[in-house]
Amino acid sequence: STQRARRIIAVSRHAAEETTRLLGIGPERINVVYHGVDPAFRPISRADVEAFRQRAGLPARYALFVGTLEPRKNLARLVEAFARVRDDTLHLVLAGGKGWFYDELYARVETLGLQHAVTFAGYVPQEDLPLWYNAATAFVYPSLYEGFGLPVVEAQACGVPVLTSDVSSLPEAAGGASVLVDPYDVEALAAGLQRLLQDQPLREGLREAGLTHAQRFTWPKAAWETTRVYWQAIASGGAT
């Protein structure tokens, strides 16, 4: 497909570079078009957030992860890092459906004796996600590999400080408005989370920077840029 295509759309610069590296496609044939963030992802009033927290039975302070429970998301290391954070009032909420090899994650929580502090929320409907983000103290996304990493920007759009990985496309998604850590280093994950939780000026700065960064990602912009790629493909001729 990539050999026959006139133009190729990648969802990040990292994905474009991987397309060149792995498939041998010249970068001149690749356009980067970022996903948009739905306007529903925005700061919500404290009263509405607290009402949701009561309905959902969520703790007062929690770090949130959103995504499928699978090894690529690096959740076993996240749980180990969470166990090293010295904050008995903090909970870890893992929101997402079961993927593959998730049994190891459940076993790790039990081995570390964290059943009281780690919540498996299961799949969360899209329309409820903004409330889950808004109610969180911090958003953590220590994935090992992503095409882009949309949850990072969704959390930023909700005004939630973010910790994510310094590998793959995630620094690109974070845009300098998140704490970046080595996802393979449990100590670095723990230290990054501890810093994010203890440093209020840092959280406030990341909130403002994240809100500004997230404004770059809209679906109208993505649609317009995608249309331009179609026109480039039409103009270039050649094989279809």
# chains A, B, ... in the order shown; residues from 1 in each chain; ligands from 1
>>> residues_around(residues="Gly210 in chain A", least_positions_apart="5", cutoff="8 Å", atoms="only C-alpha atoms", output="PyMOL selection string")
chain A and resi 153+156-157+159-161+174+177-178
>>> select_by_dssp(residues="range 47-200 of chain A", states="helix (DSSP H, G or I)", output="count of residues only")
69
>>> closest_atom_pairs(of="range 210-235 of chain A", to="range 32-48 of chain A", cutoff="10 Å", atoms="only C-alpha atoms", output="tab-separated table")
residue	atom	partner	partner_atom	distance
A:Leu211	CA	A:Arg42	CA	8.5
A:Ala214	CA	A:Val37	CA	7.6
A:Gln215	CA	A:Val37	CA	8.4
A:Arg216	CA	A:Gly36	CA	8.2
A:Phe217	CA	A:Gly36	CA	4.5
A:Thr218	CA	A:Gly36	CA	3.9
A:Trp219	CA	A:Gly36	CA	4.2
A:Pro220	CA	A:Gly36	CA	7.7
A:Lys221	CA	A:Gly36	CA	7.5
A:Ala222	CA	A:Val33	CA	6.1
A:Ala223	CA	A:Val33	CA	8.8
A:Trp224	CA	A:Val33	CA	9.5
A:Glu225	CA	A:Val33	CA	6.4
A:Thr226	CA	A:Val33	CA	6.8
A:Val229	CA	A:Val33	CA	9.1
>>> atom_distance(atom1="CA of Pro71 in chain A", atom2="CA of Pro125 in chain A")
22.1 Å
>>> closest_residue(among="A:Phe101, A:His14, A:Pro130, A:Leu90", to="His116 in chain A", atoms="only C-alpha atoms")
A:Leu90
>>> closest_residue(among="A:Leu64, A:Ala51, A:Leu105, A:Ala81", to="Leu129 in chain A", atoms="only C-alpha atoms")
A:Leu64
>>> closest_residue(among="A:Glu80, A:Glu104, A:Glu17, A:Glu110", to="Leu193 in chain A", atoms="only C-alpha atoms")
A:Glu80
>>> atom_distance(atom1="CA of Gln194 in chain A", atom2="CA of Asp88 in chain A")
12.0 Å
>>> select_by_dssp(residues="range 95-136 of chain A", states="strand (DSSP E or B)", output="PyMOL selection string")
chain A and resi 95+98+118-122
>>> atom_distance(atom1="CA of Glu154 in chain A", atom2="CA of Ala63 in chain A")
14.9 Å
>>> decode(residues="range 127-167 of chain A", atoms="C-alpha atoms", output="PDB file, in the first residue's frame")
ATOM      1  CA  GLU A 127     -18.576  11.018  26.683  1.00  0.00           C
ATOM      2  CA  ASP A 128     -17.485  10.485  30.305  1.00  0.00           C
ATOM      3  CA  LEU A 129     -13.747  10.839  29.758  1.00  0.00           C
ATOM      4  CA  PRO A 130     -13.555  14.631  30.256  1.00  0.00           C
ATOM      5  CA  LEU A 131     -14.931  14.194  33.782  1.00  0.00           C
ATOM      6  CA  TRP A 132     -12.422  11.438  34.607  1.00  0.00           C
ATOM      7  CA  TYR A 133      -9.582  13.680  33.452  1.00  0.00           C
ATOM      8  CA  ASN A 134     -10.879  16.740  35.292  1.00  0.00           C
ATOM      9  CA  ALA A 135     -11.269  14.865  38.566  1.00  0.00           C
ATOM     10  CA  ALA A 136      -7.656  13.587  38.476  1.00  0.00           C
ATOM     11  CA  THR A 137      -4.776  15.140  40.395  1.00  0.00           C
ATOM     12  CA  ALA A 138      -2.403  14.123  37.594  1.00  0.00           C
ATOM     13  CA  PHE A 139      -2.459  12.110  34.379  1.00  0.00           C
ATOM     14  CA  VAL A 140       0.210   9.445  33.835  1.00  0.00           C
ATOM     15  CA  TYR A 141       0.944   7.873  30.455  1.00  0.00           C
ATOM     16  CA  PRO A 142       4.206   5.878  30.564  1.00  0.00           C
ATOM     17  CA  SER A 143       3.689   4.083  27.236  1.00  0.00           C
ATOM     18  CA  LEU A 144       6.660   2.542  25.453  1.00  0.00           C
ATOM     19  CA  TYR A 145       5.470   3.194  21.890  1.00  0.00           C
ATOM     20  CA  GLU A 146       2.743   5.357  20.366  1.00  0.00           C
ATOM     21  CA  GLY A 147       1.783   6.628  16.936  1.00  0.00           C
ATOM     22  CA  PHE A 148       0.911   9.920  18.592  1.00  0.00           C
ATOM     23  CA  GLY A 149      -0.483   9.652  22.145  1.00  0.00           C
ATOM     24  CA  LEU A 150      -3.804  11.478  22.007  1.00  0.00           C
ATOM     25  CA  PRO A 151      -4.698  10.932  25.712  1.00  0.00           C
ATOM     26  CA  VAL A 152      -1.771  13.173  26.652  1.00  0.00           C
ATOM     27  CA  VAL A 153      -3.289  16.091  24.744  1.00  0.00           C
ATOM     28  CA  GLU A 154      -6.817  15.281  25.947  1.00  0.00           C
ATOM     29  CA  ALA A 155      -5.594  15.530  29.546  1.00  0.00           C
ATOM     30  CA  GLN A 156      -3.800  18.796  28.807  1.00  0.00           C
ATOM     31  CA  ALA A 157      -6.972  20.193  27.218  1.00  0.00           C
ATOM     32  CA  CYS A 158      -8.762  19.434  30.501  1.00  0.00           C
ATOM     33  CA  GLY A 159      -6.149  21.338  32.488  1.00  0.00           C
ATOM     34  CA  VAL A 160      -4.582  18.276  34.118  1.00  0.00           C
ATOM     35  CA  PRO A 161      -0.786  18.132  34.662  1.00  0.00           C
ATOM     36  CA  VAL A 162       0.767  15.231  32.755  1.00  0.00           C
ATOM     37  CA  LEU A 163       3.648  12.816  33.231  1.00  0.00           C
ATOM     38  CA  THR A 164       4.591  10.821  30.148  1.00  0.00           C
ATOM     39  CA  SER A 165       7.460   9.003  28.448  1.00  0.00           C
ATOM     40  CA  ASP A 166      10.487  10.572  26.794  1.00  0.00           C
ATOM     41  CA  VAL A 167      10.430   8.041  23.952  1.00  0.00           C
TER      42      VAL A 167
END
